[in-house]
Amino acid sequence: MYNILLAAVIVVSVIMVITIMMQPSKQNSAASAFTGGADQLFGKQKARGFEAVMQRSTAILGFVWMVLLFLLAYLSSK
């Protein structure tokens, strides 16, 4: 069981890295690289389409990853 969960964590980790890298950049100018994009921090921009799907999938994969890690920690303590 432990090995199956460990393999699942590795697979979810790789998929999560891929989904994070596929997310579109929100920086529009070179100045955003220095300010960290703070000009859009309080903007009311809602994600739509592909961006929304990527944000949701990243959040779901992060949640699954955390649950798997907690299960691994529980199994390793036994």
# chains A, B, ... in the order shown; residues from 1 in each chain; ligands from 1
>>> residues_around(residues="stretch 60-76 of chain A", least_positions_apart="5", cutoff="9 Å", atoms="only C-alpha atoms", output="ChimeraX atom specification")
/A:1-2,5-6,8-9,12-13,15-16,55
>>> write_last_selection(atoms="C-alpha atoms", output="PDB file, in the first residue's frame")
ATOM      1  CA  MET A   1       0.000   0.000   0.000  1.00  0.00           C
ATOM      2  CA  TYR A   2       2.830   2.349   0.886  1.00  0.00           C
ATOM      3  CA  LEU A   5       0.738   5.718  -2.530  1.00  0.00           C
ATOM      4  CA  LEU A   6       4.341   6.747  -3.090  1.00  0.00           C
ATOM      5  CA  ALA A   8       0.731   8.097  -6.832  1.00  0.00           C
ATOM      6  CA  VAL A   9       2.440  11.038  -5.095  1.00  0.00           C
ATOM      7  CA  VAL A  12       0.548  13.686  -9.079  1.00  0.00           C
ATOM      8  CA  SER A  13       3.675  15.790  -8.454  1.00  0.00           C
ATOM      9  CA  ILE A  15       1.247  16.335 -13.343  1.00  0.00           C
ATOM     10  CA  MET A  16       1.006  19.296 -10.955  1.00  0.00           C
ATOM     11  CA  GLN A  55      -6.411  27.195 -11.800  1.00  0.00           C
TER      12      GLN A  55
END
>>> atom_distance(atom1="atom CA of A:Ile10", atom2="atom CA of A:Ser77")
19.8 Å
